[in-house]
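One file, my_file08.pdb, carrying PDB, C-alpha atoms:
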```pdb
ATOM      1  CA  MET A  16     112.121 -73.507  83.842  1.00  0.00           C
ATOM      2  CA  LEU A  17     111.394 -72.084  87.293  1.00  0.00           C
ATOM      3  CA  ILE A  18     115.057 -71.141  87.728  1.00  0.00           C
ATOM      4  CA  LEU A  19     114.903 -69.215  84.452  1.00  0.00           C
ATOM      5  CA  LEU A  20     111.706 -67.420  85.508  1.00  0.00           C
ATOM      6  CA  GLY A  21     113.175 -66.586  88.917  1.00  0.00           C
ATOM      7  CA  GLY A  22     116.314 -65.177  87.292  1.00  0.00           C
ATOM      8  CA  ILE A  23     114.283 -63.037  84.890  1.00  0.00           C
ATOM      9  CA  TYR A  24     112.227 -61.761  87.823  1.00  0.00           C
ATOM     10  CA  LEU A  25     115.404 -60.779  89.733  1.00  0.00           C
ATOM     11  CA  ALA A  26     116.817 -59.076  86.631  1.00  0.00           C
ATOM     12  CA  LEU A  27     113.615 -57.081  86.116  1.00  0.00           C
ATOM     13  CA  ARG A  28     113.649 -56.004  89.759  1.00  0.00           C
ATOM     14  CA  GLY A  29     117.280 -54.866  89.425  1.00  0.00           C
ATOM     15  CA  HIS A  30     118.753 -57.323  91.915  1.00  0.00           C
ATOM     16  CA  LEU A  31     121.265 -58.757  89.454  1.00  0.00           C
ATOM     17  CA  ASN A  32     123.140 -57.598  86.395  1.00  0.00           C
ATOM     18  CA  TRP A  33     121.422 -59.247  83.425  1.00  0.00           C
ATOM     19  CA  HIS A  34     124.539 -59.015  81.225  1.00  0.00           C
ATOM     20  CA  ILE A  35     126.228 -61.909  83.030  1.00  0.00           C
ATOM     21  CA  PRO A  36     123.576 -64.661  82.676  1.00  0.00           C
ATOM     22  CA  VAL A  37     122.657 -63.617  79.142  1.00  0.00           C
ATOM     23  CA  SER A  38     126.292 -63.702  78.028  1.00  0.00           C
ATOM     24  CA  ILE A  39     126.833 -67.086  79.694  1.00  0.00           C
ATOM     25  CA  LEU A  40     123.778 -68.636  78.048  1.00  0.00           C
ATOM     26  CA  ILE A  41     124.528 -67.152  74.608  1.00  0.00           C
ATOM     27  CA  SER A  42     128.175 -68.220  74.715  1.00  0.00           C
ATOM     28  CA  VAL A  43     127.361 -71.766  75.884  1.00  0.00           C
ATOM     29  CA  PHE A  44     124.834 -72.059  73.066  1.00  0.00           C
ATOM     30  CA  ALA A  45     127.258 -70.646  70.467  1.00  0.00           C
ATOM     31  CA  PHE A  46     130.380 -72.587  71.509  1.00  0.00           C
ATOM     32  CA  SER A  47     128.560 -75.877  72.040  1.00  0.00           C
ATOM     33  CA  GLY A  48     126.818 -75.408  68.672  1.00  0.00           C
ATOM     34  CA  LEU A  49     130.156 -74.740  66.987  1.00  0.00           C
ATOM     35  CA  PHE A  50     131.778 -77.797  68.551  1.00  0.00           C
ATOM     36  CA  TYR A  51     128.687 -79.914  67.758  1.00  0.00           C
ATOM     37  CA  VAL A  52     128.728 -78.900  64.078  1.00  0.00           C
ATOM     38  CA  LEU A  53     132.486 -79.543  63.851  1.00  0.00           C
ATOM     39  CA  GLY A  54     131.957 -83.002  65.327  1.00  0.00           C
ATOM     40  CA  LEU A  55     134.036 -82.310  68.420  1.00  0.00           C
ATOM     41  CA  SER A  56     131.121 -82.661  70.839  1.00  0.00           C
ATOM     42  CA  PRO A  57     128.426 -85.339  71.088  1.00  0.00           C
ATOM     43  CA  PHE A  58     126.122 -82.894  72.936  1.00  0.00           C
ATOM     44  CA  SER A  59     123.696 -80.568  71.165  1.00  0.00           C
ATOM     45  CA  PRO A  60     123.425 -76.904  72.212  1.00  0.00           C
ATOM     46  CA  GLY A  61     119.948 -77.471  73.683  1.00  0.00           C
ATOM     47  CA  PHE A  62     121.249 -80.299  75.833  1.00  0.00           C
ATOM     48  CA  MET A  63     124.149 -78.132  77.017  1.00  0.00           C
ATOM     49  CA  LEU A  64     121.828 -75.284  77.993  1.00  0.00           C
ATOM     50  CA  PHE A  65     119.301 -77.294  79.968  1.00  0.00           C
ATOM     51  CA  SER A  66     121.488 -79.939  81.599  1.00  0.00           C
ATOM     52  CA  GLY A  67     123.355 -79.769  84.865  1.00  0.00           C
ATOM     53  CA  GLY A  68     123.587 -76.627  86.893  1.00  0.00           C
ATOM     54  CA  LEU A  69     124.081 -74.140  84.065  1.00  0.00           C
ATOM     55  CA  MET A  70     120.875 -72.185  84.706  1.00  0.00           C
ATOM     56  CA  LEU A  71     121.467 -72.146  88.449  1.00  0.00           C
ATOM     57  CA  GLY A  72     125.073 -71.054  87.997  1.00  0.00           C
ATOM     58  CA  ALA A  73     124.306 -68.442  85.345  1.00  0.00           C
ATOM     59  CA  TRP A  74     121.434 -66.746  87.161  1.00  0.00           C
ATOM     60  CA  TYR A  75     122.379 -67.112  90.826  1.00  0.00           C
ATOM     61  CA  MET A  76     126.045 -68.026  91.331  1.00  0.00           C
ATOM     62  CA  ALA A  77     127.830 -65.935  88.686  1.00  0.00           C
ATOM     63  CA  THR A  78     125.833 -62.781  89.438  1.00  0.00           C
ATOM     64  CA  ASP A  79     127.079 -62.465  93.011  1.00  0.00           C
ATOM     65  CA  LEU A  80     127.638 -58.728  93.520  1.00  0.00           C
ATOM     66  CA  VAL A  81     130.864 -59.177  95.449  1.00  0.00           C
ATOM     67  CA  THR A  82     132.670 -61.305  92.891  1.00  0.00           C
ATOM     68  CA  SER A  83     131.269 -60.037  89.585  1.00  0.00           C
ATOM     69  CA  PRO A  84     132.848 -57.282  87.460  1.00  0.00           C
ATOM     70  CA  VAL A  85     131.865 -53.660  87.907  1.00  0.00           C
ATOM     71  CA  THR A  86     131.467 -52.487  84.303  1.00  0.00           C
ATOM     72  CA  ASN A  87     129.077 -53.816  81.678  1.00  0.00           C
ATOM     73  CA  ALA A  88     131.960 -54.615  79.314  1.00  0.00           C
ATOM     74  CA  GLY A  89     133.595 -56.559  82.137  1.00  0.00           C
ATOM     75  CA  CYS A  90     130.339 -58.455  82.709  1.00  0.00           C
ATOM     76  CA  TRP A  91     130.223 -59.490  79.043  1.00  0.00           C
ATOM     77  CA  ILE A  92     133.865 -60.659  79.131  1.00  0.00           C
ATOM     78  CA  PHE A  93     133.196 -62.493  82.401  1.00  0.00           C
ATOM     79  CA  GLY A  94     130.070 -64.219  81.065  1.00  0.00           C
ATOM     80  CA  VAL A  95     131.522 -65.251  77.702  1.00  0.00           C
ATOM     81  CA  SER A  96     134.622 -66.631  79.421  1.00  0.00           C
ATOM     82  CA  ILE A  97     132.492 -68.655  81.842  1.00  0.00           C
ATOM     83  CA  GLY A  98     130.449 -70.007  78.926  1.00  0.00           C
ATOM     84  CA  LEU A  99     133.559 -71.042  77.003  1.00  0.00           C
ATOM     85  CA  LEU A 100     135.084 -72.692  80.069  1.00  0.00           C
ATOM     86  CA  VAL A 101     131.843 -74.572  80.795  1.00  0.00           C
ATOM     87  CA  VAL A 102     131.797 -76.041  77.288  1.00  0.00           C
ATOM     88  CA  ILE A 103     135.500 -76.933  77.370  1.00  0.00           C
ATOM     89  CA  ILE A 104     135.248 -78.574  80.802  1.00  0.00           C
ATOM     90  CA  ARG A 105     132.112 -80.509  79.864  1.00  0.00           C
ATOM     91  CA  ILE A 106     133.558 -81.818  76.583  1.00  0.00           C
ATOM     92  CA  TRP A 107     137.239 -82.428  77.380  1.00  0.00           C
ATOM     93  CA  GLY A 108     137.490 -82.120  81.147  1.00  0.00           C
ATOM     94  CA  GLY A 109     136.215 -85.516  82.143  1.00  0.00           C
ATOM     95  CA  LEU A 110     133.819 -83.849  84.581  1.00  0.00           C
ATOM     96  CA  PRO A 111     130.067 -84.003  84.155  1.00  0.00           C
ATOM     97  CA  GLU A 112     129.628 -80.467  85.445  1.00  0.00           C
ATOM     98  CA  GLY A 113     131.959 -77.551  84.762  1.00  0.00           C
ATOM     99  CA  VAL A 114     129.861 -74.580  85.824  1.00  0.00           C
ATOM    100  CA  MET A 115     131.231 -74.344  89.353  1.00  0.00           C
ATOM    101  CA  TYR A 116     134.854 -74.593  88.206  1.00  0.00           C
ATOM    102  CA  ALA A 117     134.343 -72.083  85.415  1.00  0.00           C
ATOM    103  CA  ILE A 118     132.805 -69.552  87.816  1.00  0.00           C
ATOM    104  CA  LEU A 119     135.583 -70.060  90.368  1.00  0.00           C
ATOM    105  CA  LEU A 120     138.301 -69.628  87.739  1.00  0.00           C
ATOM    106  CA  MET A 121     136.735 -66.469  86.382  1.00  0.00           C
ATOM    107  CA  ASN A 122     136.130 -65.055  89.882  1.00  0.00           C
ATOM    108  CA  ALA A 123     139.889 -65.198  90.365  1.00  0.00           C
ATOM    109  CA  LEU A 124     140.312 -63.049  87.226  1.00  0.00           C
ATOM    110  CA  VAL A 125     137.703 -60.404  88.086  1.00  0.00           C
ATOM    111  CA  PRO A 126     140.246 -57.860  89.449  1.00  0.00           C
ATOM    112  CA  PHE A 127     142.134 -58.033  86.145  1.00  0.00           C
ATOM    113  CA  ILE A 128     138.900 -57.675  84.159  1.00  0.00           C
ATOM    114  CA  ASN A 129     137.934 -54.657  86.272  1.00  0.00           C
ATOM    115  CA  ARG A 130     141.327 -53.049  85.719  1.00  0.00           C
ATOM    116  CA  ALA A 131     141.152 -53.629  81.958  1.00  0.00           C
ATOM    117  CA  THR A 132     137.592 -52.344  81.517  1.00  0.00           C
ATOM    118  CA  GLN A 133     137.592 -49.281  83.783  1.00  0.00           C
ATOM    119  CA  PRO A 134     136.964 -46.118  81.749  1.00  0.00           C
ATOM    120  CA  ARG A 135     139.792 -43.617  81.707  1.00  0.00           C
ATOM    121  CA  LYS A 136     139.417 -39.943  82.348  1.00  0.00           C
ATOM    122  CA  PHE A 137     139.887 -37.797  79.283  1.00  0.00           C
ATOM    123  CA  GLY A 138     142.940 -35.601  79.414  1.00  0.00           C
ATOM    124  CA  SER A 139     144.855 -37.677  81.957  1.00  0.00           C
ATOM    125  CA  THR A 140     147.942 -39.684  81.198  1.00  0.00           C
ATOM    126  CA  LYS A 141     148.878 -43.040  82.571  1.00  0.00           C
ATOM    127  CA  GLY A 142     151.153 -42.907  85.604  1.00  0.00           C
ATOM    128  CA  LYS A 143     150.802 -39.185  86.291  1.00  0.00           C
ATOM    129  CA  THR A 144     148.759 -37.935  89.170  1.00  0.00           C
ATOM    130  CA  GLU A 145     146.545 -34.938  88.784  1.00  0.00           C
ATOM    131  CA  PRO A 146     147.475 -31.829  90.791  1.00  0.00           C
ATOM    132  CA  ALA A 147     145.220 -31.032  93.691  1.00  0.00           C
ATOM    133  CA  VAL A 148     142.506 -28.563  92.798  1.00  0.00           C
ATOM    134  CA  GLU A 149     142.719 -25.484  94.969  1.00  0.00           C
ATOM    135  CA  GLN A 150     139.457 -24.201  96.300  1.00  0.00           C
ATOM    136  CA  GLU A 151     138.632 -20.623  95.591  1.00  0.00           C
ATOM    137  CA  LYS A 152     138.872 -18.558  98.760  1.00  0.00           C
ATOM    138  CA  GLU A 153     136.101 -16.166  99.680  1.00  0.00           C
ATOM    139  CA  PRO A 154     136.980 -12.527 100.271  1.00  0.00           C
ATOM    140  CA  LYS A 155     137.340 -11.637 103.946  1.00  0.00           C
ATOM    141  CA  ALA A 156     134.303  -9.379 103.894  1.00  0.00           C
ATOM    142  CA  THR A 157     131.926 -12.249 103.030  1.00  0.00           C
ATOM    143  CA  ARG A 158     133.364 -14.848 105.409  1.00  0.00           C
ATOM    144  CA  ARG A 159     131.291 -15.874 108.366  1.00  0.00           C
ATOM    145  CA  PRO A 160     132.917 -15.670 111.784  1.00  0.00           C
ATOM    146  CA  ARG A 161     133.839 -19.023 113.220  1.00  0.00           C
ATOM    147  CA  LEU A 162     131.583 -20.147 115.969  1.00  0.00           C
ATOM    148  CA  GLY A 163     132.897 -21.486 119.223  1.00  0.00           C
ATOM    149  CA  LYS A 164     132.105 -25.029 120.270  1.00  0.00           C
ATOM    150  CA  SER A 165     129.713 -23.864 122.946  1.00  0.00           C
ATOM    151  CA  SER A 166     127.547 -21.883 120.528  1.00  0.00           C
ATOM    152  CA  GLU A 167     127.503 -24.743 117.979  1.00  0.00           C
ATOM    153  CA  ALA A 168     126.529 -27.279 120.609  1.00  0.00           C
ATOM    154  CA  SER A 169     123.783 -25.119 122.075  1.00  0.00           C
ATOM    155  CA  GLY A 170     122.268 -24.415 118.696  1.00  0.00           C
ATOM    156  CA  THR A 171     122.751 -20.641 118.796  1.00  0.00           C
ATOM    157  CA  ARG A 172     124.293 -20.298 115.380  1.00  0.00           C
ATOM    158  CA  GLY A 173     123.494 -16.632 114.974  1.00  0.00           C
ATOM    159  CA  VAL A 174     125.213 -15.617 118.197  1.00  0.00           C
ATOM    160  CA  ALA A 175     128.975 -15.793 117.977  1.00  0.00           C
ATOM    161  CA  ARG A 176     131.594 -14.752 120.453  1.00  0.00           C
ATOM    162  CA  SER A 177     133.790 -11.850 119.532  1.00  0.00           C
ATOM    163  CA  SER A 178     137.105 -12.671 117.935  1.00  0.00           C
ATOM    164  CA  ASN A 179     138.992 -11.146 120.894  1.00  0.00           C
ATOM    165  CA  ALA A 180     137.275 -13.519 123.309  1.00  0.00           C
ATOM    166  CA  VAL A 181     138.134 -16.453 121.102  1.00  0.00           C
ATOM    167  CA  GLU A 182     141.756 -15.367 120.890  1.00  0.00           C
ATOM    168  CA  ARG A 183     141.950 -14.866 124.665  1.00  0.00           C
ATOM    169  CA  SER A 184     140.556 -18.328 125.325  1.00  0.00           C
ATOM    170  CA  ARG A 185     143.359 -19.847 123.253  1.00  0.00           C
ATOM    171  CA  LEU A 186     146.153 -18.068 125.150  1.00  0.00           C
ATOM    172  CA  PRO A 187     147.810 -19.677 128.161  1.00  0.00           C
ATOM    173  CA  PRO A 188     147.040 -18.040 131.534  1.00  0.00           C
ATOM    174  CA  GLN A 189     149.376 -15.182 132.339  1.00  0.00           C
ATOM    175  CA  ALA A 190     151.343 -15.022 135.555  1.00  0.00           C
ATOM    176  CA  GLY A 191     149.685 -12.787 138.105  1.00  0.00           C
ATOM    177  CA  ALA A 192     146.581 -12.200 136.009  1.00  0.00           C
ATOM    178  CA  GLY A 193     144.178 -13.272 138.768  1.00  0.00           C
ATOM    179  CA  LYS A 194     145.803 -11.268 141.618  1.00  0.00           C
ATOM    180  CA  ARG A 195     144.634  -7.815 142.684  1.00  0.00           C
ATOM    181  CA  ASP A 196     146.865  -5.043 143.734  1.00  0.00           C
ATOM    182  CA  SER A 197     146.507  -4.295 147.430  1.00  0.00           C
ATOM    183  CA  THR A 198     147.610  -0.657 147.068  1.00  0.00           C
TER     184      THR A 198
END
```

Can you dump the structure from the file as structure tokens?
Amino acid sequence: MLILLGGIYLALRGHLNWHIPVSILISVFAFSGLFYVLGLSPFSPGFMLFSGGLMLGAWYMATDLVTSPVTNAGCWIFGVSIGLLVVIIRIWGGLPEGVMYAILLMNALVPFINRATQPRKFGSTKGKTEPAVEQEKEPKATRRPRLGKSSEASGTRGVARSSNAVERSRLPPQAGAGKRDST
């Protein structure tokens, strides 16, 4: 019961995506109830929910941010699949606990779930890349002069060197420019 309360507290604080544990618990209850009614399982849904490490796995292990799906639809698919695998492993797997294996198997499929549940942009087609959007250029009259590195570093943004001085600083030194005529 404390694990359940701790998980609800984390969900209310926004530290985990609540879709994953809720979908795991609902699907374990539904699938184990279905198999119990059909006579395929000797375990009742209540026993399946509160036995083993299901609560721990649903609230703390499956909601790991690194290995859980990105979209809400992906989280529902992820959680329902874990719940189904838990019930199958517990009934027919010969293992007393299937939560860890179910989470590990579904963690391996998370990239495929993310790819399948990512929303598409409207107006784009599959396989084609969108052309680069060209930025609108400002007219020359409203452009600001580029500042030299020395004025940017010193913090004198309003004072810029003249464009001729900038152009001269970019040119290589000319031969004989520093010599004076002796005549």

_Suppose a student applies the PyMOL selection byres ((chain A and resi 91) around 10) to this structure; what residues should they get, written as a ChimeraX atom specification?_
/A:33-39,42,84,86-90,92-97

*Go ahead and compute the interatomic distance for CA of Leu80 (chain A) and CA of Arg130 (chain A), in Å to one decimal.*
16.7 Å

*Using only C-alpha atoms, find the one residue out of A:Leu55, A:Met16, A:Ile106, A:Leu64 that sits nearest to Val43 (chain A).*
A:Leu64

*Which neighbours of Leu31 (chain A) fall inside 10 Å, counting all atoms listed in the file, when residues of the same chain fewer than 3 positions from it are skipped, and could you give them as a list in words?*
Gly22, Ile23, Tyr24, Leu25, Ala26, Leu27, Arg28, His34, Ile35, Pro36, Trp74, Tyr75, Ala77, Thr78, Asp79 and Leu80 of chain A

Export of prior selection with C-alpha atoms as an mmCIF file, in the coordinates of the input:
```
data_model
loop_
_atom_site.group_PDB
_atom_site.id
_atom_site.type_symbol
_atom_site.label_atom_id
_atom_site.label_comp_id
_atom_site.auth_asym_id
_atom_site.auth_seq_id
_atom_site.Cartn_x
_atom_site.Cartn_y
_atom_site.Cartn_z
ATOM 1 C CA GLY A 22 116.314 -65.177 87.292
ATOM 2 C CA ILE A 23 114.283 -63.037 84.890
ATOM 3 C CA TYR A 24 112.227 -61.761 87.823
ATOM 4 C CA LEU A 25 115.404 -60.779 89.733
ATOM 5 C CA ALA A 26 116.817 -59.076 86.631
ATOM 6 C CA LEU A 27 113.615 -57.081 86.116
ATOM 7 C CA ARG A 28 113.649 -56.004 89.759
ATOM 8 C CA HIS A 34 124.539 -59.015 81.225
ATOM 9 C CA ILE A 35 126.228 -61.909 83.030
ATOM 10 C CA PRO A 36 123.576 -64.661 82.676
ATOM 11 C CA TRP A 74 121.434 -66.746 87.161
ATOM 12 C CA TYR A 75 122.379 -67.112 90.826
ATOM 13 C CA ALA A 77 127.830 -65.935 88.686
ATOM 14 C CA THR A 78 125.833 -62.781 89.438
ATOM 15 C CA ASP A 79 127.079 -62.465 93.011
ATOM 16 C CA LEU A 80 127.638 -58.728 93.520
#
```

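From CA of Gly21 (chain A) back to CA of Leu71 (chain A), the distance works out to 10.0 Å.
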
*Which value, in Å to one decimal, gives the distance between CA of Phe65 (chain A) and CA of Phe44 (chain A)?*
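Separation between CA of Phe65 (chain A) and CA of Phe44 (chain A): 10.3 Å.
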
Using all atoms listed in the file, which protein or nucleic acid residues come within 10 Å of Ser47 (chain A)? Drop anything in the same chain fewer than 2 positions from it, and give the result as a short mmCIF file (atom, residue, chain, number, x, y, z; two decimals) with C-alpha atoms, in the frame of the given file.
```cif
data_model
loop_
_atom_site.label_atom_id
_atom_site.label_comp_id
_atom_site.auth_asym_id
_atom_site.auth_seq_id
_atom_site.Cartn_x
_atom_site.Cartn_y
_atom_site.Cartn_z
CA ILE A 41 124.53 -67.15 74.61
CA SER A 42 128.18 -68.22 74.72
CA VAL A 43 127.36 -71.77 75.88
CA PHE A 44 124.83 -72.06 73.07
CA ALA A 45 127.26 -70.65 70.47
CA LEU A 49 130.16 -74.74 66.99
CA PHE A 50 131.78 -77.80 68.55
CA TYR A 51 128.69 -79.91 67.76
CA VAL A 52 128.73 -78.90 64.08
CA LEU A 53 132.49 -79.54 63.85
CA LEU A 55 134.04 -82.31 68.42
CA SER A 56 131.12 -82.66 70.84
CA PRO A 57 128.43 -85.34 71.09
CA PHE A 58 126.12 -82.89 72.94
CA SER A 59 123.70 -80.57 71.17
CA PRO A 60 123.42 -76.90 72.21
CA GLY A 61 119.95 -77.47 73.68
CA PHE A 62 121.25 -80.30 75.83
CA MET A 63 124.15 -78.13 77.02
CA LEU A 64 121.83 -75.28 77.99
CA GLY A 98 130.45 -70.01 78.93
CA LEU A 99 133.56 -71.04 77.00
CA VAL A 101 131.84 -74.57 80.80
CA VAL A 102 131.80 -76.04 77.29
CA ILE A 103 135.50 -76.93 77.37
CA ARG A 105 132.11 -80.51 79.86
CA ILE A 106 133.56 -81.82 76.58
#
```

First collect every listed atom of region 60-63 of chain A; then fit an axis-aligned box around them, widen it by 5 Å on each side, and give centre and edge lengths in Å to one decimal, as lines of an AutoDock Vina configuration file.
```
center_x = 122.0
center_y = -78.6
center_z = 74.6
size_x = 14.2
size_y = 13.4
size_z = 14.8
```

Region 46-68 of chain A written out with N, CA and C atoms as a PDB file, in the first residue's frame:
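And here is the file that came out, selection.pdb:
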```pdb
ATOM      1  N   PHE A  46      -6.630  -8.658 -18.096  1.00  0.00           N
ATOM      2  CA  PHE A  46      -6.197  -9.923 -18.694  1.00  0.00           C
ATOM      3  C   PHE A  46      -6.242 -11.074 -17.688  1.00  0.00           C
ATOM      4  N   SER A  47      -5.854 -10.806 -16.444  1.00  0.00           N
ATOM      5  CA  SER A  47      -5.919 -11.885 -15.455  1.00  0.00           C
ATOM      6  C   SER A  47      -7.375 -12.225 -15.134  1.00  0.00           C
ATOM      7  N   GLY A  48      -8.261 -11.234 -15.142  1.00  0.00           N
ATOM      8  CA  GLY A  48      -9.688 -11.505 -14.951  1.00  0.00           C
ATOM      9  C   GLY A  48     -10.265 -12.319 -16.092  1.00  0.00           C
ATOM     10  N   LEU A  49      -9.870 -11.997 -17.317  1.00  0.00           N
ATOM     11  CA  LEU A  49     -10.331 -12.751 -18.481  1.00  0.00           C
ATOM     12  C   LEU A  49      -9.852 -14.199 -18.415  1.00  0.00           C
ATOM     13  N   PHE A  50      -8.584 -14.390 -18.125  1.00  0.00           N
ATOM     14  CA  PHE A  50      -8.049 -15.755 -18.045  1.00  0.00           C
ATOM     15  C   PHE A  50      -8.611 -16.519 -16.845  1.00  0.00           C
ATOM     16  N   TYR A  51      -8.940 -15.813 -15.773  1.00  0.00           N
ATOM     17  CA  TYR A  51      -9.530 -16.451 -14.584  1.00  0.00           C
ATOM     18  C   TYR A  51     -10.954 -16.922 -14.882  1.00  0.00           C
ATOM     19  N   VAL A  52     -11.727 -16.078 -15.568  1.00  0.00           N
ATOM     20  CA  VAL A  52     -13.104 -16.436 -15.925  1.00  0.00           C
ATOM     21  C   VAL A  52     -13.116 -17.585 -16.927  1.00  0.00           C
ATOM     22  N   LEU A  53     -12.178 -17.593 -17.864  1.00  0.00           N
ATOM     23  CA  LEU A  53     -12.107 -18.670 -18.858  1.00  0.00           C
ATOM     24  C   LEU A  53     -11.558 -19.966 -18.276  1.00  0.00           C
ATOM     25  N   GLY A  54     -11.061 -19.923 -17.061  1.00  0.00           N
ATOM     26  CA  GLY A  54     -10.524 -21.116 -16.423  1.00  0.00           C
ATOM     27  C   GLY A  54      -9.093 -21.426 -16.805  1.00  0.00           C
ATOM     28  N   LEU A  55      -8.417 -20.480 -17.412  1.00  0.00           N
ATOM     29  CA  LEU A  55      -7.030 -20.695 -17.831  1.00  0.00           C
ATOM     30  C   LEU A  55      -6.037 -20.339 -16.732  1.00  0.00           C
ATOM     31  N   SER A  56      -6.489 -19.614 -15.714  1.00  0.00           N
ATOM     32  CA  SER A  56      -5.594 -19.183 -14.648  1.00  0.00           C
ATOM     33  C   SER A  56      -6.198 -19.525 -13.292  1.00  0.00           C
ATOM     34  N   PRO A  57      -5.397 -20.044 -12.370  1.00  0.00           N
ATOM     35  CA  PRO A  57      -5.913 -20.300 -11.022  1.00  0.00           C
ATOM     36  C   PRO A  57      -5.868 -19.063 -10.131  1.00  0.00           C
ATOM     37  N   PHE A  58      -5.306 -17.950 -10.638  1.00  0.00           N
ATOM     38  CA  PHE A  58      -5.111 -16.746  -9.824  1.00  0.00           C
ATOM     39  C   PHE A  58      -6.181 -15.704 -10.132  1.00  0.00           C
ATOM     40  N   SER A  59      -6.753 -15.127  -9.090  1.00  0.00           N
ATOM     41  CA  SER A  59      -7.763 -14.082  -9.273  1.00  0.00           C
ATOM     42  C   SER A  59      -7.069 -12.760  -9.635  1.00  0.00           C
ATOM     43  N   PRO A  60      -7.821 -11.821 -10.208  1.00  0.00           N
ATOM     44  CA  PRO A  60      -7.221 -10.528 -10.564  1.00  0.00           C
ATOM     45  C   PRO A  60      -6.666  -9.767  -9.353  1.00  0.00           C
ATOM     46  N   GLY A  61      -7.346  -9.858  -8.212  1.00  0.00           N
ATOM     47  CA  GLY A  61      -6.833  -9.182  -7.013  1.00  0.00           C
ATOM     48  C   GLY A  61      -5.506  -9.755  -6.563  1.00  0.00           C
ATOM     49  N   PHE A  62      -5.381 -11.070  -6.647  1.00  0.00           N
ATOM     50  CA  PHE A  62      -4.116 -11.712  -6.284  1.00  0.00           C
ATOM     51  C   PHE A  62      -3.003 -11.291  -7.239  1.00  0.00           C
ATOM     52  N   MET A  63      -3.338 -11.202  -8.524  1.00  0.00           N
ATOM     53  CA  MET A  63      -2.327 -10.799  -9.519  1.00  0.00           C
ATOM     54  C   MET A  63      -1.862  -9.360  -9.305  1.00  0.00           C
ATOM     55  N   LEU A  64      -2.778  -8.493  -8.892  1.00  0.00           N
ATOM     56  CA  LEU A  64      -2.397  -7.088  -8.695  1.00  0.00           C
ATOM     57  C   LEU A  64      -1.502  -6.875  -7.484  1.00  0.00           C
ATOM     58  N   PHE A  65      -1.793  -7.582  -6.402  1.00  0.00           N
ATOM     59  CA  PHE A  65      -1.096  -7.295  -5.146  1.00  0.00           C
ATOM     60  C   PHE A  65      -0.049  -8.331  -4.761  1.00  0.00           C
ATOM     61  N   SER A  66       0.332  -9.189  -5.680  1.00  0.00           N
ATOM     62  CA  SER A  66       1.381 -10.167  -5.373  1.00  0.00           C
ATOM     63  C   SER A  66       2.636  -9.839  -6.164  1.00  0.00           C
ATOM     64  N   GLY A  67       3.752 -10.259  -5.618  1.00  0.00           N
ATOM     65  CA  GLY A  67       5.027 -10.067  -6.311  1.00  0.00           C
ATOM     66  C   GLY A  67       5.431  -8.614  -6.388  1.00  0.00           C
ATOM     67  N   GLY A  68       6.165  -8.308  -7.408  1.00  0.00           N
ATOM     68  CA  GLY A  68       6.702  -6.958  -7.560  1.00  0.00           C
ATOM     69  C   GLY A  68       5.959  -6.127  -8.569  1.00  0.00           C
TER      70      GLY A  68
END
```
